[in-house]
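model-v3.csv follows; it contains CSV, N, CA and C atoms and all ligand atoms.
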chain,number,residue,atom,x,y,z
O,1,MET,N,13.4,71.7,-30.4
O,1,MET,CA,13.2,72.6,-29.3
O,1,MET,C,11.7,72.9,-29.1
O,2,ALA,N,11.3,72.9,-27.9
O,2,ALA,CA,9.9,73.1,-27.5
O,2,ALA,C,9.6,74.6,-27.5
O,3,GLY,N,8.3,75.0,-27.6
O,3,GLY,CA,8.0,76.4,-27.5
O,3,GLY,C,6.5,76.6,-27.2
O,4,ILE,N,6.1,77.8,-27.0
O,4,ILE,CA,4.7,78.1,-26.7
O,4,ILE,C,4.1,78.7,-27.9
O,5,CYS,N,2.9,78.2,-28.3
O,5,CYS,CA,2.1,78.8,-29.4
O,5,CYS,C,1.5,80.1,-28.8
O,6,ALA,N,1.9,81.2,-29.4
O,6,ALA,CA,1.4,82.5,-28.9
O,6,ALA,C,-0.1,82.7,-29.0
O,7,ALA,N,-0.6,82.2,-30.1
O,7,ALA,CA,-2.1,82.3,-30.4
O,7,ALA,C,-2.9,81.6,-29.4
O,8,HIS,N,-2.5,80.4,-29.0
O,8,HIS,CA,-3.3,79.5,-28.2
O,8,HIS,C,-2.8,79.3,-26.8
O,9,GLY,N,-1.5,79.7,-26.6
O,9,GLY,CA,-0.9,79.5,-25.3
O,9,GLY,C,-0.7,78.0,-25.0
O,10,ILE,N,-0.6,77.2,-26.1
O,10,ILE,CA,-0.4,75.8,-25.9
O,10,ILE,C,1.1,75.4,-26.1
O,11,LEU,N,1.6,74.6,-25.2
O,11,LEU,CA,2.9,74.1,-25.4
O,11,LEU,C,3.0,73.2,-26.6
O,12,TYR,N,3.9,73.4,-27.5
O,12,TYR,CA,4.1,72.5,-28.6
O,12,TYR,C,5.5,72.0,-28.8
O,13,PHE,N,5.6,70.9,-29.5
O,13,PHE,CA,6.9,70.4,-29.7
O,13,PHE,C,7.0,70.1,-31.2
O,14,PRO,N,8.2,70.1,-31.8
O,14,PRO,CA,8.3,69.8,-33.2
O,14,PRO,C,7.9,68.3,-33.4
O,15,LEU,N,7.3,68.0,-34.6
O,15,LEU,CA,6.8,66.6,-34.8
O,15,LEU,C,8.0,65.7,-35.1
O,16,HIS,N,9.1,66.2,-35.7
O,16,HIS,CA,10.1,65.3,-36.0
O,16,HIS,C,11.5,65.8,-35.6
O,17,ASP,N,12.4,64.9,-35.1
O,17,ASP,CA,13.8,65.3,-34.9
O,17,ASP,C,14.4,65.1,-36.3
O,18,SER,N,15.3,66.0,-36.7
O,18,SER,CA,16.0,65.7,-37.9
O,18,SER,C,17.4,65.1,-37.5
O,19,PHE,N,17.7,64.0,-38.2
O,19,PHE,CA,19.0,63.3,-37.9
O,19,PHE,C,19.4,62.6,-39.1
O,20,SER,N,20.7,62.4,-39.3
O,20,SER,CA,21.2,61.6,-40.4
O,20,SER,C,21.7,60.3,-40.0
O,21,HIS,N,22.9,60.3,-39.4
O,21,HIS,CA,23.6,59.1,-39.0
O,21,HIS,C,23.4,58.7,-37.5
O,22,THR,N,23.0,59.7,-36.8
O,22,THR,CA,22.7,59.4,-35.3
O,22,THR,C,21.4,60.1,-34.9
O,23,THR,N,20.9,59.6,-33.8
O,23,THR,CA,19.7,60.3,-33.2
O,23,THR,C,20.0,60.3,-31.7
O,24,ARG,N,19.5,61.4,-31.1
O,24,ARG,CA,19.7,61.6,-29.7
O,24,ARG,C,18.5,61.1,-28.9
O,25,SER,N,18.6,60.2,-27.9
O,25,SER,CA,17.6,59.9,-27.0
O,25,SER,C,17.9,60.6,-25.7
O,26,PHE,N,17.0,60.7,-24.8
O,26,PHE,CA,17.3,61.3,-23.5
O,26,PHE,C,18.2,60.3,-22.7
O,27,ARG,N,18.4,59.1,-23.2
O,27,ARG,CA,19.4,58.2,-22.6
O,27,ARG,C,20.7,58.1,-23.3
O,28,GLY,N,20.9,58.9,-24.4
O,28,GLY,CA,22.2,58.9,-25.1
O,28,GLY,C,22.0,59.1,-26.6
O,29,VAL,N,23.2,59.0,-27.3
O,29,VAL,CA,23.2,59.2,-28.7
O,29,VAL,C,23.3,57.8,-29.3
O,30,TYR,N,22.4,57.5,-30.3
O,30,TYR,CA,22.4,56.2,-30.9
O,30,TYR,C,22.7,56.3,-32.4
O,31,ARG,N,23.6,55.4,-32.8
O,31,ARG,CA,23.8,55.3,-34.3
O,31,ARG,C,22.6,54.7,-35.0
O,32,MET,N,22.4,55.0,-36.2
O,32,MET,CA,21.2,54.5,-36.9
O,32,MET,C,21.3,53.0,-37.0
O,33,SER,N,22.5,52.4,-37.2
O,33,SER,CA,22.6,51.0,-37.3
O,33,SER,C,22.1,50.3,-36.0
O,34,ARG,N,22.4,51.0,-34.9
O,34,ARG,CA,22.0,50.4,-33.6
O,34,ARG,C,20.5,50.5,-33.5
O,35,ILE,N,19.9,51.6,-34.0
O,35,ILE,CA,18.4,51.7,-33.9
O,35,ILE,C,17.8,50.6,-34.7
O,36,LYS,N,18.3,50.3,-35.9
O,36,LYS,CA,17.8,49.2,-36.7
O,36,LYS,C,17.8,47.9,-35.9
O,37,ASP,N,18.9,47.7,-35.2
O,37,ASP,CA,18.9,46.5,-34.3
O,37,ASP,C,17.8,46.5,-33.3
O,38,LEU,N,17.6,47.7,-32.7
O,38,LEU,CA,16.6,47.8,-31.6
O,38,LEU,C,15.2,47.4,-32.1
O,39,VAL,N,14.9,47.7,-33.4
O,39,VAL,CA,13.6,47.3,-34.0
O,39,VAL,C,13.3,45.8,-33.8
O,40,ARG,N,14.4,45.0,-33.9
O,40,ARG,CA,14.2,43.6,-33.9
O,40,ARG,C,14.1,43.1,-32.5
O,41,LYS,N,14.4,43.9,-31.5
O,41,LYS,CA,14.3,43.5,-30.1
O,41,LYS,C,12.9,43.3,-29.6
O,42,GLY,N,12.7,42.6,-28.5
O,42,GLY,CA,11.3,42.3,-28.1
O,42,GLY,C,10.9,41.0,-28.7
O,43,SER,N,11.4,39.9,-28.2
O,43,SER,CA,11.2,38.6,-28.8
O,43,SER,C,10.1,37.8,-28.2
O,44,LYS,N,9.6,36.8,-29.0
O,44,LYS,CA,8.6,35.9,-28.5
O,44,LYS,C,9.1,35.2,-27.2
O,45,GLU,N,10.3,34.9,-27.2
O,45,GLU,CA,10.9,34.2,-26.0
O,45,GLU,C,10.8,35.0,-24.8
O,46,LEU,N,11.1,36.3,-24.9
O,46,LEU,CA,11.0,37.2,-23.8
O,46,LEU,C,9.6,37.3,-23.3
O,47,TYR,N,8.6,37.5,-24.2
O,47,TYR,CA,7.2,37.7,-23.9
O,47,TYR,C,6.7,36.4,-23.3
O,48,LYS,N,7.1,35.3,-23.8
O,48,LYS,CA,6.7,34.0,-23.2
O,48,LYS,C,7.1,33.8,-21.7
O,49,LYS,N,8.4,34.3,-21.5
O,49,LYS,CA,8.9,34.2,-20.1
O,49,LYS,C,8.1,35.1,-19.2
O,50,CYS,N,7.7,36.3,-19.7
O,50,CYS,CA,6.9,37.2,-18.9
O,50,CYS,C,5.6,36.6,-18.5
O,51,LEU,N,4.9,36.0,-19.6
O,51,LEU,CA,3.6,35.4,-19.3
O,51,LEU,C,3.7,34.2,-18.4
O,52,ASP,N,4.7,33.4,-18.6
O,52,ASP,CA,4.9,32.2,-17.7
O,52,ASP,C,5.1,32.7,-16.2
O,53,LYS,N,5.9,33.8,-16.1
O,53,LYS,CA,6.2,34.3,-14.7
O,53,LYS,C,5.0,35.0,-14.0
O,54,TRP,N,4.3,35.9,-14.8
O,54,TRP,CA,3.3,36.7,-14.1
O,54,TRP,C,1.9,36.4,-14.5
O,55,GLY,N,1.7,35.7,-15.7
O,55,GLY,CA,0.3,35.4,-16.1
O,55,GLY,C,-0.3,36.5,-16.9
O,56,ILE,N,-1.3,36.1,-17.7
O,56,ILE,CA,-2.0,37.1,-18.6
O,56,ILE,C,-2.8,38.1,-17.8
O,57,GLY,N,-3.4,37.7,-16.6
O,57,GLY,CA,-4.2,38.7,-15.8
O,57,GLY,C,-3.3,39.8,-15.3
O,58,THR,N,-2.1,39.5,-14.8
O,58,THR,CA,-1.2,40.5,-14.3
O,58,THR,C,-0.7,41.4,-15.5
O,59,GLN,N,-0.4,40.8,-16.6
O,59,GLN,CA,0.0,41.6,-17.8
O,59,GLN,C,-1.1,42.5,-18.3
O,60,MET,N,-2.3,42.0,-18.3
O,60,MET,CA,-3.4,42.9,-18.7
O,60,MET,C,-3.6,44.1,-17.7
O,61,ASN,N,-3.4,43.8,-16.4
O,61,ASN,CA,-3.4,44.9,-15.5
O,61,ASN,C,-2.3,45.9,-15.7
O,62,MET,N,-1.1,45.3,-16.1
O,62,MET,CA,0.0,46.2,-16.4
O,62,MET,C,-0.3,47.1,-17.6
O,63,LEU,N,-1.0,46.5,-18.6
O,63,LEU,CA,-1.4,47.4,-19.7
O,63,LEU,C,-2.3,48.5,-19.3
O,64,ILE,N,-3.2,48.2,-18.4
O,64,ILE,CA,-4.1,49.3,-17.9
O,64,ILE,C,-3.3,50.3,-17.1
O,65,GLU,N,-2.3,49.9,-16.3
O,65,GLU,CA,-1.5,50.8,-15.5
O,65,GLU,C,-0.6,51.6,-16.4
O,66,GLU,N,0.0,51.0,-17.3
O,66,GLU,CA,0.9,51.8,-18.2
O,66,GLU,C,0.1,52.8,-19.1
O,67,SER,N,-1.1,52.3,-19.5
O,67,SER,CA,-1.9,53.2,-20.3
O,67,SER,C,-2.3,54.5,-19.5
O,68,SER,N,-2.6,54.2,-18.2
O,68,SER,CA,-2.9,55.3,-17.3
O,68,SER,C,-1.7,56.3,-17.2
O,69,GLU,N,-0.5,55.7,-17.1
O,69,GLU,CA,0.7,56.6,-17.0
O,69,GLU,C,0.9,57.4,-18.3
O,70,LEU,N,0.6,56.8,-19.4
O,70,LEU,CA,0.7,57.5,-20.7
O,70,LEU,C,-0.3,58.7,-20.7
O,71,ILE,N,-1.5,58.4,-20.3
O,71,ILE,CA,-2.6,59.5,-20.3
O,71,ILE,C,-2.1,60.6,-19.4
O,72,THR,N,-1.5,60.3,-18.3
O,72,THR,CA,-1.0,61.3,-17.4
O,72,THR,C,0.2,62.1,-18.0
O,73,ALA,N,1.1,61.4,-18.8
O,73,ALA,CA,2.2,62.1,-19.4
O,73,ALA,C,1.7,63.1,-20.5
O,74,VAL,N,0.6,62.6,-21.3
O,74,VAL,CA,0.1,63.5,-22.3
O,74,VAL,C,-0.6,64.7,-21.6
O,75,SER,N,-1.3,64.5,-20.5
O,75,SER,CA,-2.0,65.6,-19.8
O,75,SER,C,-1.0,66.6,-19.3
O,76,ARG,N,0.1,66.1,-18.8
O,76,ARG,CA,1.2,67.0,-18.2
O,76,ARG,C,1.7,67.9,-19.3
O,77,ILE,N,1.9,67.4,-20.5
O,77,ILE,CA,2.4,68.2,-21.6
O,77,ILE,C,1.4,69.2,-22.0
O,78,MET,N,0.1,68.8,-22.1
O,78,MET,CA,-0.9,69.7,-22.5
O,78,MET,C,-1.1,70.8,-21.6
O,79,ARG,N,-0.9,70.6,-20.3
O,79,ARG,CA,-1.0,71.6,-19.2
O,79,ARG,C,0.2,72.4,-19.0
O,80,GLY,N,1.3,72.0,-19.8
O,80,GLY,CA,2.6,72.8,-19.7
O,80,GLY,C,3.4,72.4,-18.5
O,81,ARG,N,3.0,71.3,-17.8
O,81,ARG,CA,3.8,70.8,-16.6
O,81,ARG,C,5.1,70.2,-17.0
O,82,ASP,N,5.1,69.5,-18.2
O,82,ASP,CA,6.3,68.9,-18.7
O,82,ASP,C,6.8,69.7,-19.9
O,83,LYS,N,8.0,70.2,-19.9
O,83,LYS,CA,8.5,71.0,-21.0
O,83,LYS,C,9.4,70.1,-21.9
O,84,ILE,N,9.8,69.0,-21.5
O,84,ILE,CA,10.6,68.1,-22.3
O,84,ILE,C,9.8,66.8,-22.5
O,85,LEU,N,10.2,66.0,-23.5
O,85,LEU,CA,9.3,64.8,-23.9
O,85,LEU,C,9.8,63.5,-23.3
O,86,ASN,N,10.8,63.6,-22.4
O,86,ASN,CA,11.3,62.3,-21.8
O,86,ASN,C,10.3,61.4,-21.2
O,87,ASN,N,9.4,61.9,-20.4
O,87,ASN,CA,8.3,61.1,-19.8
O,87,ASN,C,7.4,60.5,-20.8
O,88,LEU,N,7.0,61.4,-21.8
O,88,LEU,CA,6.1,60.9,-22.9
O,88,LEU,C,6.8,59.7,-23.6
O,89,ILE,N,8.1,59.8,-23.9
O,89,ILE,CA,8.8,58.8,-24.6
O,89,ILE,C,8.8,57.5,-23.8
O,90,GLU,N,9.1,57.6,-22.5
O,90,GLU,CA,9.1,56.5,-21.6
O,90,GLU,C,7.8,55.8,-21.5
O,91,GLU,N,6.7,56.6,-21.4
O,91,GLU,CA,5.4,56.0,-21.2
O,91,GLU,C,4.8,55.3,-22.5
O,92,ILE,N,5.1,56.0,-23.7
O,92,ILE,CA,4.8,55.4,-24.9
O,92,ILE,C,5.5,54.0,-25.1
O,93,THR,N,6.8,54.0,-24.7
O,93,THR,CA,7.5,52.7,-24.7
O,93,THR,C,6.9,51.7,-23.8
O,94,ASP,N,6.6,52.0,-22.6
O,94,ASP,CA,6.0,51.1,-21.7
O,94,ASP,C,4.7,50.5,-22.3
O,95,VAL,N,3.8,51.3,-22.8
O,95,VAL,CA,2.5,50.9,-23.4
O,95,VAL,C,2.8,50.0,-24.6
O,96,GLU,N,3.7,50.4,-25.5
O,96,GLU,CA,4.0,49.6,-26.7
O,96,GLU,C,4.5,48.2,-26.3
O,97,ILE,N,5.4,48.1,-25.2
O,97,ILE,CA,5.9,46.8,-24.8
O,97,ILE,C,4.7,45.9,-24.2
O,98,MET,N,3.8,46.5,-23.5
O,98,MET,CA,2.7,45.8,-22.9
O,98,MET,C,1.7,45.3,-24.0
O,99,ILE,N,1.5,46.2,-25.0
O,99,ILE,CA,0.7,45.8,-26.1
O,99,ILE,C,1.3,44.7,-26.9
O,100,GLU,N,2.6,44.7,-27.1
O,100,GLU,CA,3.3,43.6,-27.8
O,100,GLU,C,3.1,42.3,-27.0
O,101,GLN,N,3.2,42.4,-25.7
O,101,GLN,CA,3.0,41.1,-24.9
O,101,GLN,C,1.6,40.6,-25.0
O,102,ILE,N,0.6,41.5,-25.0
O,102,ILE,CA,-0.8,41.1,-25.1
O,102,ILE,C,-1.1,40.5,-26.5
O,103,LYS,N,-0.6,41.1,-27.5
O,103,LYS,CA,-0.7,40.5,-28.9
O,103,LYS,C,-0.1,39.2,-29.0
O,104,PHE,N,1.1,39.0,-28.3
O,104,PHE,CA,1.7,37.7,-28.3
O,104,PHE,C,0.8,36.7,-27.6
O,105,ALA,N,0.3,37.1,-26.4
O,105,ALA,CA,-0.4,36.2,-25.5
O,105,ALA,C,-1.7,35.6,-26.2
O,106,TYR,N,-2.4,36.5,-27.0
O,106,TYR,CA,-3.6,36.1,-27.6
O,106,TYR,C,-3.4,35.7,-29.1
O,107,ASN,N,-2.1,35.7,-29.5
O,107,ASN,CA,-1.8,35.4,-30.9
O,107,ASN,C,-2.6,36.2,-31.9
O,108,ILE,N,-2.6,37.5,-31.7
O,108,ILE,CA,-3.5,38.4,-32.6
O,108,ILE,C,-2.6,39.4,-33.3
O,109,LYS,N,-1.3,39.2,-33.4
O,109,LYS,CA,-0.4,40.2,-34.1
O,109,LYS,C,-0.9,40.5,-35.5
O,110,GLU,N,-1.1,39.4,-36.3
O,110,GLU,CA,-1.5,39.5,-37.7
O,110,GLU,C,-2.9,40.2,-37.8
O,111,LYS,N,-3.8,39.8,-36.9
O,111,LYS,CA,-5.1,40.4,-37.0
O,111,LYS,C,-5.1,41.9,-36.7
O,112,VAL,N,-4.2,42.3,-35.7
O,112,VAL,CA,-4.0,43.7,-35.4
O,112,VAL,C,-3.4,44.5,-36.6
O,113,LEU,N,-2.5,43.8,-37.3
O,113,LEU,CA,-1.9,44.5,-38.5
O,113,LEU,C,-2.9,44.7,-39.6
O,114,ILE,N,-3.8,43.7,-39.8
O,114,ILE,CA,-4.8,43.9,-40.8
O,114,ILE,C,-5.8,45.0,-40.4
O,115,GLU,N,-6.2,45.0,-39.1
O,115,GLU,CA,-7.1,46.1,-38.7
O,115,GLU,C,-6.4,47.4,-38.7
O,116,ARG,N,-5.1,47.5,-38.4
O,116,ARG,CA,-4.4,48.7,-38.5
O,116,ARG,C,-4.4,49.2,-40.0
O,117,ASP,N,-4.1,48.3,-40.9
O,117,ASP,CA,-4.1,48.7,-42.3
O,117,ASP,C,-5.5,49.3,-42.7
O,118,ARG,N,-6.6,48.6,-42.3
O,118,ARG,CA,-7.9,49.0,-42.6
O,118,ARG,C,-8.2,50.4,-42.1
O,119,LYS,N,-7.8,50.7,-40.8
O,119,LYS,CA,-8.0,52.0,-40.2
O,119,LYS,C,-7.1,53.1,-40.8
O,120,LEU,N,-5.9,52.7,-41.2
O,120,LEU,CA,-5.1,53.7,-41.9
O,120,LEU,C,-5.6,54.1,-43.2
O,121,GLU,N,-6.2,53.1,-44.0
O,121,GLU,CA,-6.8,53.4,-45.2
O,121,GLU,C,-8.0,54.3,-45.1
O,122,ARG,N,-8.8,54.0,-44.0
O,122,ARG,CA,-10.0,54.9,-43.7
O,122,ARG,C,-9.6,56.3,-43.4
O,123,LEU,N,-8.5,56.4,-42.6
O,123,LEU,CA,-7.9,57.7,-42.3
O,123,LEU,C,-7.5,58.5,-43.5
O,124,GLU,N,-6.8,57.8,-44.5
O,124,GLU,CA,-6.4,58.4,-45.7
O,124,GLU,C,-7.6,58.9,-46.5
O,125,ARG,N,-8.7,58.1,-46.5
O,125,ARG,CA,-9.9,58.5,-47.3
O,125,ARG,C,-10.5,59.7,-46.7
O,126,ARG,N,-10.5,59.8,-45.4
O,126,ARG,CA,-11.1,61.0,-44.7
O,126,ARG,C,-10.3,62.3,-45.0
O,127,LEU,N,-9.1,62.2,-45.4
O,127,LEU,CA,-8.3,63.4,-45.7
O,127,LEU,C,-8.3,63.8,-47.1
O,128,ARG,N,-9.0,63.0,-48.0
O,128,ARG,CA,-9.1,63.4,-49.4
O,128,ARG,C,-10.0,64.5,-49.6
J,1,MG,MG,5.2,53.6,-17.2
Could I get this structure in the form of structure tokens?
Amino acid sequence: MAGICAAHGILYFPLHDSFSHTTRSFRGVYRMSRIKDLVRKGSKELYKKCLDKWGIGTQMNMLIEESSELITAVSRIMRGRDKILNNLIEEITDVEIMIEQIKFAYNIKEKVLIERDRKLERLERRLR
């Protein structure tokens, strides 16, 4: 449940939904087994079809466009214009899918994972 922080007047949302066997999306209730299947979705074949159909330039432009929509979604929450997280969830999903396509197109998935690991370790060090 969302709420307003009295001290700062900032809209806040809980960081985690608690769930055991199911979780609720704004599009319905999902069993955990179904969610595990969803993790595997987003195949190389699908991304290759997208790149063959639209080309890398169009997909890079789509990443820019979706990133812009995510920025707008975050801004709307911060300004209290959106009281529910549906739009944020949708725009995070759009950006993630475009990022996956770009990583596939440039064959940089492993390099991103290594860089991600390096940055997460740096983040951990900063918190010590
Ligand atoms: Mg979008």
message = Nearest residue to ligand MG 1 (chain J) out of O:Ile64, O:Met78, O:Ala105, O:Leu127, using only C-alpha atoms and all ligand atoms?
response =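 The answer is O:Ile64, which sits nearest to ligand MG 1 (chain J).
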Residues near O:Met60, cut-off 8 Å, all atoms listed in the file, skip fewer than 5 positions along chain, as number ranges by chain = O: 54-55, 65-66, 98, 101-102
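Atom C of O:Arg125 sits 28.4 Å away from atom CA of O:Leu70.
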task = Could you pull out the residues in stretch 21-125 of chain O that DSSP calls strand (DSSP E) from the backbone, as a list of chain:residue names?
result =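 Everything in stretch 21-125 of chain O that counts as strand (DSSP E) is O:Thr22, O:Thr23, O:Arg24, O:Ser25, O:Gly28, O:Val29, O:Tyr30, O:Arg31.
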Kindly export the residues of the current selection with N, CA and C atoms, as an mmCIF file, keeping the file's coordinate frame.
data_model
loop_
_atom_site.group_PDB
_atom_site.id
_atom_site.type_symbol
_atom_site.label_atom_id
_atom_site.label_comp_id
_atom_site.auth_asym_id
_atom_site.auth_seq_id
_atom_site.Cartn_x
_atom_site.Cartn_y
_atom_site.Cartn_z
ATOM 1 N N THR O 22 23.000 59.700 -36.800
ATOM 2 C CA THR O 22 22.700 59.400 -35.300
ATOM 3 C C THR O 22 21.400 60.100 -34.900
ATOM 4 N N THR O 23 20.900 59.600 -33.800
ATOM 5 C CA THR O 23 19.700 60.300 -33.200
ATOM 6 C C THR O 23 20.000 60.300 -31.700
ATOM 7 N N ARG O 24 19.500 61.400 -31.100
ATOM 8 C CA ARG O 24 19.700 61.600 -29.700
ATOM 9 C C ARG O 24 18.500 61.100 -28.900
ATOM 10 N N SER O 25 18.600 60.200 -27.900
ATOM 11 C CA SER O 25 17.600 59.900 -27.000
ATOM 12 C C SER O 25 17.900 60.600 -25.700
ATOM 13 N N GLY O 28 20.900 58.900 -24.400
ATOM 14 C CA GLY O 28 22.200 58.900 -25.100
ATOM 15 C C GLY O 28 22.000 59.100 -26.600
ATOM 16 N N VAL O 29 23.200 59.000 -27.300
ATOM 17 C CA VAL O 29 23.200 59.200 -28.700
ATOM 18 C C VAL O 29 23.300 57.800 -29.300
ATOM 19 N N TYR O 30 22.400 57.500 -30.300
ATOM 20 C CA TYR O 30 22.400 56.200 -30.900
ATOM 21 C C TYR O 30 22.700 56.300 -32.400
ATOM 22 N N ARG O 31 23.600 55.400 -32.800
ATOM 23 C CA ARG O 31 23.800 55.300 -34.300
ATOM 24 C C ARG O 31 22.600 54.700 -35.000
#
query = Out of O:Leu120, O:Leu113, O:Ser68, O:Ile108, which residue has the shortest atom-to-atom distance to ligand MG 1 (chain J) when counting all atoms listed in the file?
reply = O:Ser68
query = If you count all atoms listed in the file, which residues end up within 7 Å of ligand MG 1 (chain J), as a ChimeraX atom specification?
reply = /O:65-67,69-70,90-92,94-95
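Proximity to O:Ile89 was assessed for O:Ile35, O:Leu63, O:Ile56, O:Ala73 counting all atoms listed in the file; the smallest distance is recorded for O:Ala73.
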message = Between atom CA of O:Ile97 and atom CA of O:Lys44, what is the distance in Å, rounded to a tenth?
response = 11.8 Å
task = Please measure the separation of atom C of O:Glu115 and atom CA of O:Met62, giving the value in Å to one decimal.
result =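 Atom-to-atom, atom C of O:Glu115 to atom CA of O:Met62, that is 23.2 Å.
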